[in-house]
>>> print(open('upload05.cif').read())   # mmCIF, C-alpha atoms
data_entry
#
loop_
_atom_site.group_PDB
_atom_site.id
_atom_site.type_symbol
_atom_site.label_atom_id
_atom_site.label_comp_id
_atom_site.auth_asym_id
_atom_site.auth_seq_id
_atom_site.Cartn_x
_atom_site.Cartn_y
_atom_site.Cartn_z
ATOM 1 C CA MET A 2 109.802 94.750 95.207
ATOM 2 C CA ASN A 3 109.580 92.443 98.233
ATOM 3 C CA ARG A 4 106.073 92.777 99.683
ATOM 4 C CA VAL A 5 106.147 92.316 103.453
ATOM 5 C CA ILE A 6 103.328 91.884 105.957
ATOM 6 C CA PHE A 7 104.029 91.974 109.689
ATOM 7 C CA PHE A 8 102.091 89.875 112.182
ATOM 8 C CA VAL A 9 102.592 91.213 115.711
ATOM 9 C CA ASP A 10 101.698 88.946 118.635
ATOM 10 C CA GLY A 11 100.668 91.759 120.953
ATOM 11 C CA PHE A 12 100.666 89.884 124.244
ATOM 12 C CA ASN A 13 103.905 88.046 123.550
ATOM 13 C CA LEU A 14 105.583 91.378 122.886
ATOM 14 C CA TYR A 15 103.881 93.163 125.805
ATOM 15 C CA HIS A 16 104.798 90.509 128.357
ATOM 16 C CA ALA A 17 108.382 90.430 127.092
ATOM 17 C CA LEU A 18 108.653 94.170 127.758
ATOM 18 C CA ARG A 19 106.879 93.894 131.100
ATOM 19 C CA ALA A 20 109.065 91.012 132.309
ATOM 20 C CA ASP A 21 112.314 93.013 132.271
ATOM 21 C CA PRO A 22 112.613 96.332 134.151
ATOM 22 C CA ARG A 23 114.960 97.589 131.432
ATOM 23 C CA TYR A 24 112.236 97.361 128.817
ATOM 24 C CA SER A 25 109.035 98.175 130.697
ATOM 25 C CA ARG A 26 109.296 101.859 129.709
ATOM 26 C CA TYR A 27 108.922 100.945 126.035
ATOM 27 C CA LYS A 28 105.237 99.962 126.105
ATOM 28 C CA TRP A 29 104.242 103.149 124.237
ATOM 29 C CA LEU A 30 105.663 101.591 121.121
ATOM 30 C CA ASP A 31 105.071 102.747 117.567
ATOM 31 C CA LEU A 32 104.820 99.400 115.786
ATOM 32 C CA ASP A 33 105.111 101.022 112.376
ATOM 33 C CA LYS A 34 108.520 102.444 113.318
ATOM 34 C CA LEU A 35 109.546 99.173 114.952
ATOM 35 C CA CYS A 36 108.700 97.101 111.896
ATOM 36 C CA ARG A 37 110.624 99.465 109.634
ATOM 37 C CA CYS A 38 113.757 98.590 111.618
ATOM 38 C CA PHE A 39 113.596 95.114 110.054
ATOM 39 C CA VAL A 40 113.101 95.817 106.342
ATOM 40 C CA THR A 41 115.456 96.965 103.630
ATOM 41 C CA ARG A 42 114.901 99.669 101.038
ATOM 42 C CA LYS A 43 113.953 96.964 98.561
ATOM 43 C CA ALA A 44 110.971 95.965 100.717
ATOM 44 C CA GLN A 45 107.479 97.414 100.789
ATOM 45 C CA ILE A 46 105.436 97.020 103.984
ATOM 46 C CA GLU A 47 101.946 96.139 102.790
ATOM 47 C CA GLN A 48 100.302 95.929 106.224
ATOM 48 C CA ILE A 49 101.012 95.534 109.928
ATOM 49 C CA TYR A 50 98.555 93.429 111.924
ATOM 50 C CA TYR A 51 98.428 93.737 115.713
ATOM 51 C CA PHE A 52 96.860 90.692 117.401
ATOM 52 C CA THR A 53 95.486 91.404 120.859
ATOM 53 C CA ALA A 54 92.523 91.207 123.257
ATOM 54 C CA LEU A 55 90.987 93.608 125.779
ATOM 55 C CA ALA A 56 91.101 92.773 129.503
ATOM 56 C CA GLN A 57 87.448 93.691 130.019
ATOM 57 C CA TRP A 58 87.492 92.908 133.755
ATOM 58 C CA ASN A 59 90.003 95.727 134.381
ATOM 59 C CA PRO A 60 88.728 99.152 133.205
ATOM 60 C CA ASP A 61 92.082 100.882 133.750
ATOM 61 C CA LYS A 62 93.917 98.356 131.583
ATOM 62 C CA VAL A 63 91.241 98.593 128.914
ATOM 63 C CA ARG A 64 91.494 102.399 128.895
ATOM 64 C CA ARG A 65 95.295 102.323 128.449
ATOM 65 C CA HIS A 66 95.039 99.622 125.835
ATOM 66 C CA GLN A 67 92.411 101.512 123.832
ATOM 67 C CA ILE A 68 94.552 104.648 123.871
ATOM 68 C CA PHE A 69 97.450 102.575 122.540
ATOM 69 C CA ILE A 70 95.269 101.059 119.813
ATOM 70 C CA ARG A 71 94.109 104.541 118.750
ATOM 71 C CA ALA A 72 97.756 105.508 118.387
ATOM 72 C CA LEU A 73 98.437 102.397 116.289
ATOM 73 C CA LEU A 74 95.426 103.057 114.070
ATOM 74 C CA ALA A 75 96.814 106.535 113.394
ATOM 75 C CA ARG A 76 99.913 104.804 111.987
ATOM 76 C CA GLY A 77 97.873 102.446 109.803
ATOM 77 C CA VAL A 78 98.329 99.382 112.014
ATOM 78 C CA GLN A 79 95.338 97.014 111.856
ATOM 79 C CA PRO A 80 94.199 95.438 115.166
ATOM 80 C CA VAL A 81 92.824 91.890 115.195
ATOM 81 C CA TYR A 82 90.986 90.979 118.385
ATOM 82 C CA GLY A 83 90.960 87.736 120.291
ATOM 83 C CA ALA A 84 89.398 87.240 123.703
ATOM 84 C CA PHE A 85 90.078 86.182 127.268
ATOM 85 C CA ARG A 86 88.435 83.265 129.049
ATOM 86 C CA VAL A 87 88.299 82.351 132.716
ATOM 87 C CA VAL A 88 90.340 79.240 133.563
ATOM 88 C CA ASP A 89 91.065 77.284 136.750
ATOM 89 C CA ARG A 90 94.679 77.075 137.884
ATOM 90 C CA GLN A 91 96.310 75.314 140.818
ATOM 91 C CA CYS A 92 98.811 77.128 142.997
ATOM 92 C CA ARG A 93 102.292 75.781 142.320
ATOM 93 C CA ALA A 94 103.533 76.818 145.742
ATOM 94 C CA THR A 95 102.916 74.839 148.916
ATOM 95 C CA CYS A 96 99.215 75.740 149.284
ATOM 96 C CA GLY A 97 98.018 73.766 146.245
ATOM 97 C CA GLN A 98 94.794 75.766 146.166
ATOM 98 C CA TRP A 99 92.791 76.228 142.983
ATOM 99 C CA TYR A 100 92.002 79.719 141.762
ATOM 100 C CA LYS A 101 90.450 81.406 138.741
ATOM 101 C CA THR A 102 92.423 83.552 136.334
ATOM 102 C CA HIS A 103 92.119 84.952 132.828
ATOM 103 C CA GLU A 104 93.853 83.409 129.845
ATOM 104 C CA GLU A 105 94.162 85.050 126.469
ATOM 105 C CA LYS A 106 92.837 82.893 123.638
ATOM 106 C CA ARG A 107 92.690 82.957 119.848
ATOM 107 C CA THR A 108 95.839 84.997 119.141
ATOM 108 C CA ASP A 109 97.823 82.077 117.722
ATOM 109 C CA VAL A 110 94.766 80.906 115.768
ATOM 110 C CA ASN A 111 94.128 84.403 114.416
ATOM 111 C CA ILE A 112 97.757 84.750 113.352
ATOM 112 C CA ALA A 113 97.651 81.323 111.688
ATOM 113 C CA ILE A 114 94.462 82.166 109.785
ATOM 114 C CA HIS A 115 95.819 85.506 108.583
ATOM 115 C CA LEU A 116 99.179 83.997 107.602
ATOM 116 C CA PHE A 117 97.533 81.367 105.442
ATOM 117 C CA ARG A 118 94.639 83.432 104.047
ATOM 118 C CA LEU A 119 96.900 86.286 102.965
ATOM 119 C CA ALA A 120 99.289 83.795 101.357
ATOM 120 C CA VAL A 121 96.369 82.314 99.399
ATOM 121 C CA GLN A 122 95.442 85.836 98.292
ATOM 122 C CA ASP A 123 99.093 86.461 97.318
ATOM 123 C CA ARG A 124 99.207 89.556 99.494
ATOM 124 C CA TYR A 125 102.832 89.122 100.534
ATOM 125 C CA ASP A 126 106.172 87.711 99.467
ATOM 126 C CA THR A 127 107.521 87.756 103.037
ATOM 127 C CA ALA A 128 105.654 87.327 106.302
ATOM 128 C CA ALA A 129 107.437 88.672 109.383
ATOM 129 C CA VAL A 130 106.033 87.342 112.660
ATOM 130 C CA ILE A 131 106.905 89.223 115.844
ATOM 131 C CA SER A 132 106.505 86.549 118.504
ATOM 132 C CA GLY A 133 108.304 83.881 120.474
ATOM 133 C CA ASP A 134 105.289 81.560 120.765
ATOM 134 C CA SER A 135 106.043 77.997 119.662
ATOM 135 C CA ASP A 136 102.305 77.398 119.096
ATOM 136 C CA LEU A 137 102.824 79.189 115.778
ATOM 137 C CA ILE A 138 105.111 76.440 114.427
ATOM 138 C CA PRO A 139 102.329 74.506 112.603
ATOM 139 C CA ALA A 140 101.122 77.696 110.902
ATOM 140 C CA VAL A 141 104.613 78.608 109.706
ATOM 141 C CA GLU A 142 105.228 75.069 108.461
ATOM 142 C CA ALA A 143 101.879 74.999 106.631
ATOM 143 C CA VAL A 144 102.555 78.251 104.782
ATOM 144 C CA LYS A 145 106.077 77.185 103.818
ATOM 145 C CA ALA A 146 104.899 73.758 102.596
ATOM 146 C CA THR A 147 101.991 75.143 100.573
ATOM 147 C CA PHE A 148 103.716 78.265 99.222
ATOM 148 C CA PRO A 149 107.430 77.393 98.881
ATOM 149 C CA THR A 150 108.263 80.696 97.163
ATOM 150 C CA LYS A 151 107.079 82.739 100.137
ATOM 151 C CA ARG A 152 109.366 83.435 103.078
ATOM 152 C CA VAL A 153 108.290 83.427 106.716
ATOM 153 C CA GLY A 154 110.586 85.018 109.265
ATOM 154 C CA ILE A 155 110.519 85.334 113.027
ATOM 155 C CA ILE A 156 111.395 88.481 114.964
ATOM 156 C CA THR A 157 111.684 87.630 118.631
ATOM 157 C CA PRO A 158 110.877 90.095 121.423
ATOM 158 C CA PRO A 159 113.511 90.837 124.089
ATOM 159 C CA GLY A 160 114.117 87.928 126.438
ATOM 160 C CA ARG A 161 112.430 85.379 124.171
ATOM 161 C CA ARG A 162 114.606 82.583 122.754
ATOM 162 C CA ALA A 163 112.012 80.817 120.566
ATOM 163 C CA GLU A 164 114.558 78.261 119.359
ATOM 164 C CA GLU A 165 111.996 75.776 117.989
ATOM 165 C CA LEU A 166 110.096 78.529 116.199
ATOM 166 C CA ARG A 167 113.303 79.912 114.720
ATOM 167 C CA GLN A 168 114.223 76.501 113.316
ATOM 168 C CA VAL A 169 111.170 76.360 111.051
ATOM 169 C CA ALA A 170 111.518 79.968 109.814
ATOM 170 C CA ASP A 171 113.375 81.203 106.747
ATOM 171 C CA PHE A 172 115.129 83.885 108.764
ATOM 172 C CA HIS A 173 115.334 85.168 112.304
ATOM 173 C CA MET A 174 115.987 88.569 113.837
ATOM 174 C CA LYS A 175 115.770 89.876 117.384
ATOM 175 C CA ILE A 176 114.344 93.077 118.826
ATOM 176 C CA LYS A 177 117.084 94.879 120.730
ATOM 177 C CA GLU A 178 116.906 97.885 122.989
ATOM 178 C CA HIS A 179 118.103 100.323 120.339
ATOM 179 C CA HIS A 180 115.145 99.253 118.164
ATOM 180 C CA LEU A 181 112.778 100.057 121.024
ATOM 181 C CA GLN A 182 114.462 103.368 121.805
ATOM 182 C CA SER A 183 114.053 104.575 118.236
ATOM 183 C CA SER A 184 110.449 103.380 117.915
ATOM 184 C CA LEU A 185 108.541 105.160 120.673
ATOM 185 C CA PHE A 186 105.540 107.369 120.027
ATOM 186 C CA PRO A 187 105.919 110.963 121.229
ATOM 187 C CA VAL A 188 104.387 111.453 124.687
ATOM 188 C CA GLU A 189 101.681 113.552 123.025
ATOM 189 C CA LEU A 190 100.525 112.275 119.660
ATOM 190 C CA ASP A 191 98.685 114.556 117.248
ATOM 191 C CA LEU A 192 95.940 112.619 115.435
ATOM 192 C CA GLY A 193 94.928 115.583 113.293
ATOM 193 C CA ASN A 194 91.629 117.507 113.219
ATOM 194 C CA GLY A 195 92.469 118.943 116.621
ATOM 195 C CA GLN A 196 92.624 115.509 118.279
ATOM 196 C CA LYS A 197 95.517 114.514 120.493
ATOM 197 C CA ILE A 198 96.239 111.569 122.751
ATOM 198 C CA GLU A 199 98.896 111.144 125.409
ATOM 199 C CA CYS A 200 100.922 108.224 126.614
ATOM 200 C CA PRO A 201 99.201 106.718 129.672
ATOM 201 C CA GLN A 202 100.847 107.969 132.848
ATOM 202 C CA ALA A 203 101.512 104.405 134.048
ATOM 203 C CA TRP A 204 103.658 103.753 130.969
ATOM 204 C CA ARG A 205 105.958 106.737 131.309
#
>>> encode(input="upload05.cif", output="structure tokens")
Amino acid sequence: MNRVIFFVDGFNLYHALRADPRYSRYKWLDLDKLCRCFVTRKAQIEQIYYFTALAQWNPDKVRRHQIFIRALLARGVQPVYGAFRVVDRQCRATCGQWYKTHEEKRTDVNIAIHLFRLAVQDRYDTAAVISGDSDLIPAVEAVKATFPTKRVGIITPPGRRAEELRQVADFHMKIKEHHLQSSLFPVELDLGNGQKIECPQAWR
């Protein structure tokens, strides 16, 4: 049996969906269903990790995000939290002014640590990384060099090419719209014990 662990780069996937009007309605995404689109009957999904961070400066975003994470937890998906930091950026337009913005940190490091640690623990035969972030190249190369019998594959979100990342992987697949369509949570999700949550109105 091929033991598979999925590593989902939450912000890479979210921003891919947000960037294209065709896909923005798929934010209420059941990652367990999505991952099952990319395994065969001979594979066993051992765990799905969802790497993310909470935008603490925006209560509405945090509320929607926490609802989504509750839905993922109900499907057995394990969140791994990074953080945001405030950074200075310069306007690329004609004004040239500097401004402060928030930048998500630690996701690529957290994915790298989990990829390697779980390989050391022999928790998987195949690692499937849902991301298009080239910063993950060193982590993929390190796992493949240290554990040559293990396979690391890349599943790219819509609109992400990730050519350099694909070149270092053992296999590559792409998330297409039909995968998203078949992987949505119901609008109202029953958590059991009389608890229910609903898709945030802004995501419908």
>>> residues_around(input="upload05.cif", residues="Ala113 in chain A", least_positions_apart="4", cutoff="7 Å", atoms="all atoms listed in the file", output="list of chain:residue names")
A:Asp109, A:Phe117, A:Leu137, A:Ala140
>>> closest_residue(input="upload05.cif", among="A:Phe7, A:Tyr51, A:Trp29, A:Phe12", to="Glu199 in chain A", atoms="all atoms listed in the file")
A:Trp29
>>> closest_residue(input="upload05.cif", among="A:Gly133, A:Gly154, A:Gly11, A:Pro187", to="Thr108 in chain A", atoms="all atoms listed in the file")
A:Gly11
>>> resolve_selection(input="upload05.cif", expression="the PyMOL selection byres ((chain A and resi 78) around 12)", output="CSV table (one decimal) with C-alpha atoms, in the coordinates of the input")
chain,number,residue,atom,x,y,z
A,6,ILE,CA,103.3,91.9,106.0
A,7,PHE,CA,104.0,92.0,109.7
A,8,PHE,CA,102.1,89.9,112.2
A,9,VAL,CA,102.6,91.2,115.7
A,11,GLY,CA,100.7,91.8,121.0
A,30,LEU,CA,105.7,101.6,121.1
A,31,ASP,CA,105.1,102.7,117.6
A,32,LEU,CA,104.8,99.4,115.8
A,33,ASP,CA,105.1,101.0,112.4
A,34,LYS,CA,108.5,102.4,113.3
A,35,LEU,CA,109.5,99.2,115.0
A,36,CYS,CA,108.7,97.1,111.9
A,46,ILE,CA,105.4,97.0,104.0
A,47,GLU,CA,101.9,96.1,102.8
A,48,GLN,CA,100.3,95.9,106.2
A,49,ILE,CA,101.0,95.5,109.9
A,50,TYR,CA,98.6,93.4,111.9
A,51,TYR,CA,98.4,93.7,115.7
A,52,PHE,CA,96.9,90.7,117.4
A,69,PHE,CA,97.4,102.6,122.5
A,70,ILE,CA,95.3,101.1,119.8
A,71,ARG,CA,94.1,104.5,118.8
A,72,ALA,CA,97.8,105.5,118.4
A,73,LEU,CA,98.4,102.4,116.3
A,74,LEU,CA,95.4,103.1,114.1
A,75,ALA,CA,96.8,106.5,113.4
A,76,ARG,CA,99.9,104.8,112.0
A,77,GLY,CA,97.9,102.4,109.8
A,79,GLN,CA,95.3,97.0,111.9
A,80,PRO,CA,94.2,95.4,115.2
A,81,VAL,CA,92.8,91.9,115.2
>>> resolve_selection(input="upload05.cif", expression="the PyMOL selection byres ((chain A and resi 172) around 10)", output="list in words")
Ala129, Arg152, Val153, Gly154, Ile155, Ile156, Arg167, Gln168, Val169, Ala170, Asp171, His173 and Met174 of chain A
>>> atom_distance(input="upload05.cif", atom1="CA of Asn3 in chain A", atom2="CA of Tyr125 in chain A")
7.9 Å
>>> closest_residue(input="upload05.cif", among="A:Ala44, A:Phe39, A:Arg118, A:Ala143", to="Val130 in chain A", atoms="all atoms listed in the file")
A:Phe39
>>> atom_distance(input="upload05.cif", atom1="CA of Asp134 in chain A", atom2="CA of Val110 in chain A")
11.7 Å
